[in-house]
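Working notes, beginning with the structure itself.
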Protein chains: 2
Amino acid sequence: MYKVLISYDGTHYFGWQKTITGPSIQEELEKAIHRLTHETVLPEAASRTDRGVHAEGQVVQFRLEHEWAPAKLQLGLNAVLPKDIRIKAIERKEFHPTLDATGKEYHYRICQGLAQDPTLRLYSWHLRYTLDRKKIEQAAKHLIGAHDFTAFANEEEKDPVCTLESIEFDGIFRIRGNRFLYKMVRNLVGTLVYVGCGKISPETIPEILASKDRTRAGITAPAHGLYLHQVQYGLK
Amino acid sequence: MYKVLISYDGTHYFGWQKTITGPSIQEELEKAIHRLTHETVLPEAASRTDRGVHAEGQVVQFRLEHEWAPAKLQLGLNAVLPKDIRIKAIERKEFHPTLDATGKEYHYRICQGLAQDPTLRLYSWHLRYTLDRKKIEQAAKHLIGAHDFTAFANEEEKDPVCTLESIEFDGIFRIRGNRFLYKMVRNLVGTLVYVGCGKISPETIPEILASKDRTRAGITAPAHGLYLHQVQYGLK
């Protein structure tokens, strides 16, 4: 089994998962593996990133019948993959990409000011106003730890309890947790942006969590500011 | 007269200057001004950036017959300009964009390693090897000051003497000087990359300068890593 670290520019893709709707990272990788090795395998990922979301450190696994030296496999796949998907590393390792993951870190890039940096227009959320970092830090404190995050999920979930380790903001939100619900990161960012521009007070975060009501939290931040930064496979 | 600070993603443009070959920044700005004000003016820039080159701080001037408040003009132009061209600031000022410029700073972004960061593929030059920073610094010392830079120009120039103030490298080359010859920044970067990977020794830089022979220096670095970072209008 191969453990593969990949990064991609999600702009032109309908997300990780193969779909008939449009191009996906999973399908591009499947095609590249087939073109290089003539084997048909469907790679599995640690996180099914949504349409338009980027990845700096997505983790993927697949098996091949015939052995390949990892370095040769990396070089070969990068030669046939589109330029907006890159394999950063490959190693031989037995693991389960989702069940063995102990944590994830997402980054969300904000561009503040009257005019957005044009080279970041596909990679950041443009806000015309400046966010209040102190208020965001106050709100973030209420989100750290184990909570029922139903108010921050766009779908009903069997187990809505997640543990957030840290939330930092310096123009980029850096959010670490053990697991995340559907669209939870983008809902956290949308809510913290509402806090940062004064639409929601930091002190109402505990109420929003307790309400389990999606309509109490802020908007879902747009996909193109979000990056899957890292998947951790350390000790639980 | 208006002094306009603009930034652009040069990927889809044939450079600053209006041309029949394809879209240009100058033409897009001309069209936007006409659409907003119904006046026909051809804006002039501090630097005629080449095809594919980006700008963080290009400086442009134009005149309008009817007065506009600068803030309103900025808002209006950003509303009609393509998203890859943004106006960062406008002020009323009498000046000459090229003759009054006392210096320029260019940035050139390098992406080192086996796989390029996919979100930087249009904004950096990908090198599979790691550059030797110390060698680059040694070579840069020989380039600082006033020199005849004929060996680093792709066209014959009337006055080939330029003064380089500083060259820094930390993954991005930051090059400041009073003026630059045609393709000089990209030739400096191509040469310093040759130094950083051992193809040219830092000690041969004085010989290359003295030779006035373009073939002695390194290659012209590709356009898509280059940014016009800032134009200075301070004291000479």
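Labeling convention for the structure tokens: chains A, B, ... as they appear, residues from 1 per chain, ligands from 1 in order of appearance.
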
Just want the 7 Å neighbourhood of range 102-105 of chain B, counted on only C-alpha atoms, with same-chain residues fewer than 6 positions away dropped. Output as a VMD selection string. chain B and resid 174 to 179 228 to 236

What does the file look like for those residues with N, CA and C atoms, as a PDB file, in the first residue's frame?
ATOM      1  N   ARG B 174      14.681  39.770  -4.271  1.00  0.00           N
ATOM      2  CA  ARG B 174      14.211  41.158  -4.136  1.00  0.00           C
ATOM      3  C   ARG B 174      15.336  42.049  -4.647  1.00  0.00           C
ATOM      4  N   ILE B 175      15.085  42.701  -5.789  1.00  0.00           N
ATOM      5  CA  ILE B 175      16.136  43.441  -6.489  1.00  0.00           C
ATOM      6  C   ILE B 175      15.732  44.899  -6.629  1.00  0.00           C
ATOM      7  N   ARG B 176      16.555  45.780  -6.055  1.00  0.00           N
ATOM      8  CA  ARG B 176      16.275  47.226  -6.114  1.00  0.00           C
ATOM      9  C   ARG B 176      17.349  47.945  -6.897  1.00  0.00           C
ATOM     10  N   GLY B 177      16.924  48.869  -7.737  1.00  0.00           N
ATOM     11  CA  GLY B 177      17.904  49.648  -8.493  1.00  0.00           C
ATOM     12  C   GLY B 177      17.290  50.927  -8.995  1.00  0.00           C
ATOM     13  N   ASN B 178      18.140  51.814  -9.546  1.00  0.00           N
ATOM     14  CA  ASN B 178      17.609  53.100 -10.017  1.00  0.00           C
ATOM     15  C   ASN B 178      16.853  52.946 -11.334  1.00  0.00           C
ATOM     16  N   ARG B 179      17.317  51.984 -12.203  1.00  0.00           N
ATOM     17  CA  ARG B 179      16.648  51.713 -13.464  1.00  0.00           C
ATOM     18  C   ARG B 179      17.099  50.346 -13.948  1.00  0.00           C
ATOM     19  N   LEU B 228       6.600  43.349 -10.610  1.00  0.00           N
ATOM     20  CA  LEU B 228       7.003  44.734 -10.345  1.00  0.00           C
ATOM     21  C   LEU B 228       6.449  45.073  -8.965  1.00  0.00           C
ATOM     22  N   HIS B 229       7.335  45.169  -7.978  1.00  0.00           N
ATOM     23  CA  HIS B 229       6.882  45.296  -6.596  1.00  0.00           C
ATOM     24  C   HIS B 229       6.572  46.744  -6.216  1.00  0.00           C
ATOM     25  N   GLN B 230       7.469  47.650  -6.588  1.00  0.00           N
ATOM     26  CA  GLN B 230       7.304  49.044  -6.150  1.00  0.00           C
ATOM     27  C   GLN B 230       8.078  49.997  -7.066  1.00  0.00           C
ATOM     28  N   VAL B 231       7.512  51.164  -7.267  1.00  0.00           N
ATOM     29  CA  VAL B 231       8.219  52.238  -7.983  1.00  0.00           C
ATOM     30  C   VAL B 231       8.396  53.379  -6.985  1.00  0.00           C
ATOM     31  N   GLN B 232       9.647  53.857  -6.869  1.00  0.00           N
ATOM     32  CA  GLN B 232       9.922  54.951  -5.927  1.00  0.00           C
ATOM     33  C   GLN B 232       9.959  56.293  -6.635  1.00  0.00           C
ATOM     34  N   TYR B 233       9.385  57.296  -5.973  1.00  0.00           N
ATOM     35  CA  TYR B 233       9.406  58.663  -6.484  1.00  0.00           C
ATOM     36  C   TYR B 233      10.004  59.621  -5.461  1.00  0.00           C
ATOM     37  N   GLY B 234      10.956  59.126  -4.692  1.00  0.00           N
ATOM     38  CA  GLY B 234      11.582  59.952  -3.661  1.00  0.00           C
ATOM     39  C   GLY B 234      12.635  60.881  -4.258  1.00  0.00           C
ATOM     40  N   LEU B 235      13.536  61.360  -3.412  1.00  0.00           N
ATOM     41  CA  LEU B 235      14.624  62.220  -3.851  1.00  0.00           C
ATOM     42  C   LEU B 235      15.618  61.398  -4.667  1.00  0.00           C
ATOM     43  N   LYS B 236      16.207  62.035  -5.662  1.00  0.00           N
ATOM     44  CA  LYS B 236      17.224  61.340  -6.474  1.00  0.00           C
ATOM     45  C   LYS B 236      18.521  61.290  -5.682  1.00  0.00           C
TER      46      LYS B 236
END

Which polymer residues have any atom within 9 Å of an atom of Pro160 in chain B, counting only C-alpha atoms, with same-chain residues fewer than 4 positions away left out, as a list of chain:residue names?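 Once the adjacent positions are removed, what remains is B:His147, B:Asp148, B:Phe149, B:Thr150, B:Ala153, B:Glu156, B:Phe180, B:Leu181.
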
From range 29-112 of chain A, collect each residue whose DSSP state is strand (DSSP E or B) and return the set as number ranges by chain. A: 44-45, 54-62, 85-92, 103-112

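In this structure, CA of His54 in chain A sits 9.6 Å away from CA of Trp16 in chain A.
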
With only C-alpha atoms considered, list every residue of chain B at most 8 Å from chain A, as a compact mmCIF listing (two decimals) with all heavy atoms, in the first residue's frame.
# COMPACT_ATOMS: atom_id res chain seq x y z
N SER B 7 -2.23 46.81 -9.23
CA SER B 7 -1.61 45.49 -9.18
C SER B 7 -2.35 44.61 -10.18
O SER B 7 -3.52 44.83 -10.46
CB SER B 7 -1.67 44.91 -7.77
OG SER B 7 -3.01 44.77 -7.35
N TYR B 8 -1.62 43.68 -10.75
CA TYR B 8 -2.28 42.76 -11.68
C TYR B 8 -1.61 41.40 -11.72
O TYR B 8 -0.44 41.24 -11.40
CB TYR B 8 -2.40 43.35 -13.09
CG TYR B 8 -1.19 44.07 -13.65
CD1 TYR B 8 -0.15 43.37 -14.28
CD2 TYR B 8 -1.10 45.45 -13.60
CE1 TYR B 8 0.94 44.03 -14.82
CE2 TYR B 8 -0.01 46.12 -14.15
CZ TYR B 8 1.01 45.41 -14.74
OH TYR B 8 2.09 46.07 -15.27
N ASP B 9 -2.44 40.43 -12.08
CA ASP B 9 -2.00 39.08 -12.38
C ASP B 9 -1.76 39.07 -13.88
O ASP B 9 -2.71 39.14 -14.67
CB ASP B 9 -3.12 38.12 -11.99
CG ASP B 9 -2.83 36.68 -12.34
OD1 ASP B 9 -1.92 36.45 -13.17
OD2 ASP B 9 -3.49 35.79 -11.79
N GLU B 56 2.69 44.18 -8.34
CA GLU B 56 2.09 44.48 -7.03
C GLU B 56 1.96 45.97 -6.85
O GLU B 56 1.12 46.44 -6.09
CB GLU B 56 2.97 43.88 -5.92
CG GLU B 56 2.96 42.36 -5.92
CD GLU B 56 4.13 41.76 -5.15
OE1 GLU B 56 5.20 42.40 -5.07
OE2 GLU B 56 3.95 40.63 -4.64
N ASN B 78 -12.55 49.83 -10.29
CA ASN B 78 -12.49 48.43 -9.83
C ASN B 78 -13.78 47.68 -10.15
O ASN B 78 -13.76 46.46 -10.33
CB ASN B 78 -12.18 48.35 -8.33
CG ASN B 78 -10.69 48.44 -8.05
OD1 ASN B 78 -9.87 48.13 -8.92
ND2 ASN B 78 -10.33 48.85 -6.84
N LYS B 83 -11.18 41.16 -12.82
CA LYS B 83 -10.74 40.86 -11.44
C LYS B 83 -9.23 40.70 -11.30
O LYS B 83 -8.70 40.77 -10.19
CB LYS B 83 -11.41 39.57 -10.94
CG LYS B 83 -12.91 39.68 -10.76
CD LYS B 83 -13.25 40.25 -9.39
CE LYS B 83 -14.75 40.28 -9.16
NZ LYS B 83 -15.15 41.40 -8.30
N ASP B 84 -8.53 40.42 -12.43
CA ASP B 84 -7.08 40.23 -12.32
C ASP B 84 -6.31 41.55 -12.46
O ASP B 84 -5.08 41.55 -12.51
CB ASP B 84 -6.58 39.16 -13.30
CG ASP B 84 -7.05 39.36 -14.73
OD1 ASP B 84 -7.65 40.43 -15.01
OD2 ASP B 84 -6.84 38.47 -15.55
N ILE B 85 -7.03 42.66 -12.52
CA ILE B 85 -6.41 43.99 -12.45
C ILE B 85 -7.14 44.77 -11.36
O ILE B 85 -8.37 44.90 -11.42
CB ILE B 85 -6.55 44.76 -13.79
CG1 ILE B 85 -5.97 43.93 -14.95
CG2 ILE B 85 -5.87 46.12 -13.71
CD1 ILE B 85 -6.20 44.57 -16.32
N ARG B 86 -6.40 45.27 -10.37
CA ARG B 86 -7.02 45.98 -9.25
C ARG B 86 -6.32 47.31 -9.00
O ARG B 86 -5.09 47.38 -8.99
CB ARG B 86 -6.93 45.16 -7.96
CG ARG B 86 -7.74 43.87 -7.91
CD ARG B 86 -9.23 44.12 -7.81
NE ARG B 86 -9.85 44.18 -9.12
CZ ARG B 86 -11.13 44.47 -9.33
NH1 ARG B 86 -11.93 44.76 -8.31
NH2 ARG B 86 -11.62 44.50 -10.55
N ILE B 87 -7.11 48.31 -8.75
CA ILE B 87 -6.57 49.62 -8.40
C ILE B 87 -6.48 49.71 -6.88
O ILE B 87 -7.48 49.56 -6.18
CB ILE B 87 -7.43 50.74 -8.99
CG1 ILE B 87 -7.31 50.62 -10.51
CG2 ILE B 87 -6.99 52.11 -8.47
CD1 ILE B 87 -7.88 51.73 -11.29
N LYS B 88 -5.24 49.88 -6.37
CA LYS B 88 -5.01 49.87 -4.93
C LYS B 88 -5.17 51.26 -4.33
O LYS B 88 -5.52 51.40 -3.16
CB LYS B 88 -3.62 49.34 -4.61
CG LYS B 88 -3.45 47.87 -4.99
CD LYS B 88 -1.99 47.43 -4.96
CE LYS B 88 -1.56 47.00 -3.57
NZ LYS B 88 -0.17 46.42 -3.60
N LEU B 114 11.05 18.97 -5.40
CA LEU B 114 10.62 18.00 -6.41
C LEU B 114 9.29 18.40 -7.05
O LEU B 114 9.13 18.31 -8.26
CB LEU B 114 10.48 16.62 -5.77
CG LEU B 114 11.62 15.64 -6.05
CD1 LEU B 114 11.31 14.29 -5.46
CD2 LEU B 114 11.89 15.54 -7.55
N ALA B 115 8.31 18.81 -6.22
CA ALA B 115 6.99 19.15 -6.74
C ALA B 115 6.67 20.61 -6.43
O ALA B 115 6.83 21.07 -5.30
CB ALA B 115 5.93 18.24 -6.11
N GLN B 116 6.21 21.33 -7.44
CA GLN B 116 5.86 22.75 -7.25
C GLN B 116 4.53 22.86 -6.48
O GLN B 116 3.64 22.03 -6.66
CB GLN B 116 5.69 23.40 -8.62
CG GLN B 116 5.42 24.90 -8.56
CD GLN B 116 5.43 25.54 -9.94
OE1 GLN B 116 5.09 24.90 -10.93
NE2 GLN B 116 5.84 26.79 -10.00
N ASP B 117 4.43 23.87 -5.63
CA ASP B 117 3.15 24.19 -4.98
C ASP B 117 2.16 24.55 -6.10
O ASP B 117 2.36 25.51 -6.82
CB ASP B 117 3.37 25.38 -4.03
CG ASP B 117 2.07 25.83 -3.36
OD1 ASP B 117 0.97 25.49 -3.85
OD2 ASP B 117 2.17 26.55 -2.36
N PRO B 118 1.07 23.76 -6.27
CA PRO B 118 0.18 24.00 -7.42
C PRO B 118 -0.48 25.37 -7.43
O PRO B 118 -0.77 25.89 -8.50
CB PRO B 118 -0.85 22.88 -7.34
CG PRO B 118 -0.64 22.18 -6.07
CD PRO B 118 0.67 22.57 -5.50
N THR B 119 -0.72 25.97 -6.25
CA THR B 119 -1.35 27.29 -6.24
C THR B 119 -0.34 28.39 -6.61
O THR B 119 -0.71 29.54 -6.77
CB THR B 119 -2.00 27.64 -4.88
OG1 THR B 119 -1.00 27.72 -3.89
CG2 THR B 119 -3.04 26.61 -4.48
N ARG B 121 1.83 27.76 -9.27
CA ARG B 121 2.40 27.36 -10.57
C ARG B 121 2.38 28.49 -11.60
O ARG B 121 3.21 28.50 -12.51
CB ARG B 121 1.67 26.12 -11.11
CG ARG B 121 0.28 26.38 -11.63
CD ARG B 121 -0.47 25.08 -11.87
NE ARG B 121 -1.78 25.33 -12.47
CZ ARG B 121 -2.83 25.84 -11.83
NH1 ARG B 121 -2.74 26.18 -10.56
NH2 ARG B 121 -3.97 26.02 -12.46
N TYR B 123 2.77 31.64 -10.62
CA TYR B 123 3.37 32.79 -9.94
C TYR B 123 4.79 32.54 -9.44
O TYR B 123 5.31 33.32 -8.65
CB TYR B 123 2.46 33.21 -8.76
CG TYR B 123 1.02 33.36 -9.17
CD1 TYR B 123 0.06 32.44 -8.79
CD2 TYR B 123 0.64 34.40 -10.01
CE1 TYR B 123 -1.27 32.56 -9.21
CE2 TYR B 123 -0.67 34.53 -10.43
CZ TYR B 123 -1.62 33.61 -10.03
OH TYR B 123 -2.92 33.74 -10.45

How many Å lie between CA of Glu155 in chain A and CA of Thr220 in chain A, rounded to one decimal?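 We find that CA of Glu155 in chain A and CA of Thr220 in chain A lie 12.6 Å from each other.
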
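The interatomic distance for the pair CA of Gly190 in chain B and CA of Gly218 in chain B works out to 5.1 Å.
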
For the structure I just gave you, how does DSSP split range 98-162 of chain B - specifically, which residues are helix (DSSP H, G or I)? Reply as a VMD selection string. chain B and resid 118 to 120 133 to 143 150 to 152

With only C-alpha atoms as the counted atoms, please give the residues lying no more than 6 Å from range 3-5 of chain B, apart from itself and same-chain residues fewer than 2 positions off, as a list of chain:residue names.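 The residues satisfying every condition are B:Gly57, B:Gln58, B:Val59, B:Val60, B:Gln61, B:Lys88, B:Ala89, B:Ile90, B:Glu91, B:Lys93.
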
Please provide as JSON, numbers by chain all residues within 8 Å of Pro202 in chain A, with the sequence filter that same-chain residues fewer than 6 positions apart are discarded (counting only C-alpha atoms). {"A": [135, 136, 138, 139, 195]}

Write out as number ranges by chain the residues lying within 9 Å of range 23-26 of chain B, counting only C-alpha atoms and excluding same-chain residues fewer than 5 positions away. B: 8, 10, 12-18, 31, 42-45, 51, 85

So which residues touch Gly145 in chain B within 7 Å, counting only C-alpha atoms, skipping near sequence neighbours fewer than 3 positions away, as a list in words?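 Contacts, with the query itself left out: Thr163, Leu164 and Glu165 of chain B.
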
Taking N, CA and C atoms for each residue, export the selection above as a short mmCIF file (atom, residue, chain, number, x, y, z; two decimals), in the first residue's frame.
data_model
loop_
_atom_site.label_atom_id
_atom_site.label_comp_id
_atom_site.auth_asym_id
_atom_site.auth_seq_id
_atom_site.Cartn_x
_atom_site.Cartn_y
_atom_site.Cartn_z
N THR B 163 22.42 51.41 -11.61
CA THR B 163 22.93 51.24 -10.25
C THR B 163 22.00 50.31 -9.48
N LEU B 164 22.52 49.15 -9.08
CA LEU B 164 21.74 48.25 -8.24
C LEU B 164 22.00 48.57 -6.77
N GLU B 165 20.92 48.80 -6.03
CA GLU B 165 21.04 49.12 -4.60
C GLU B 165 21.17 47.87 -3.74
#
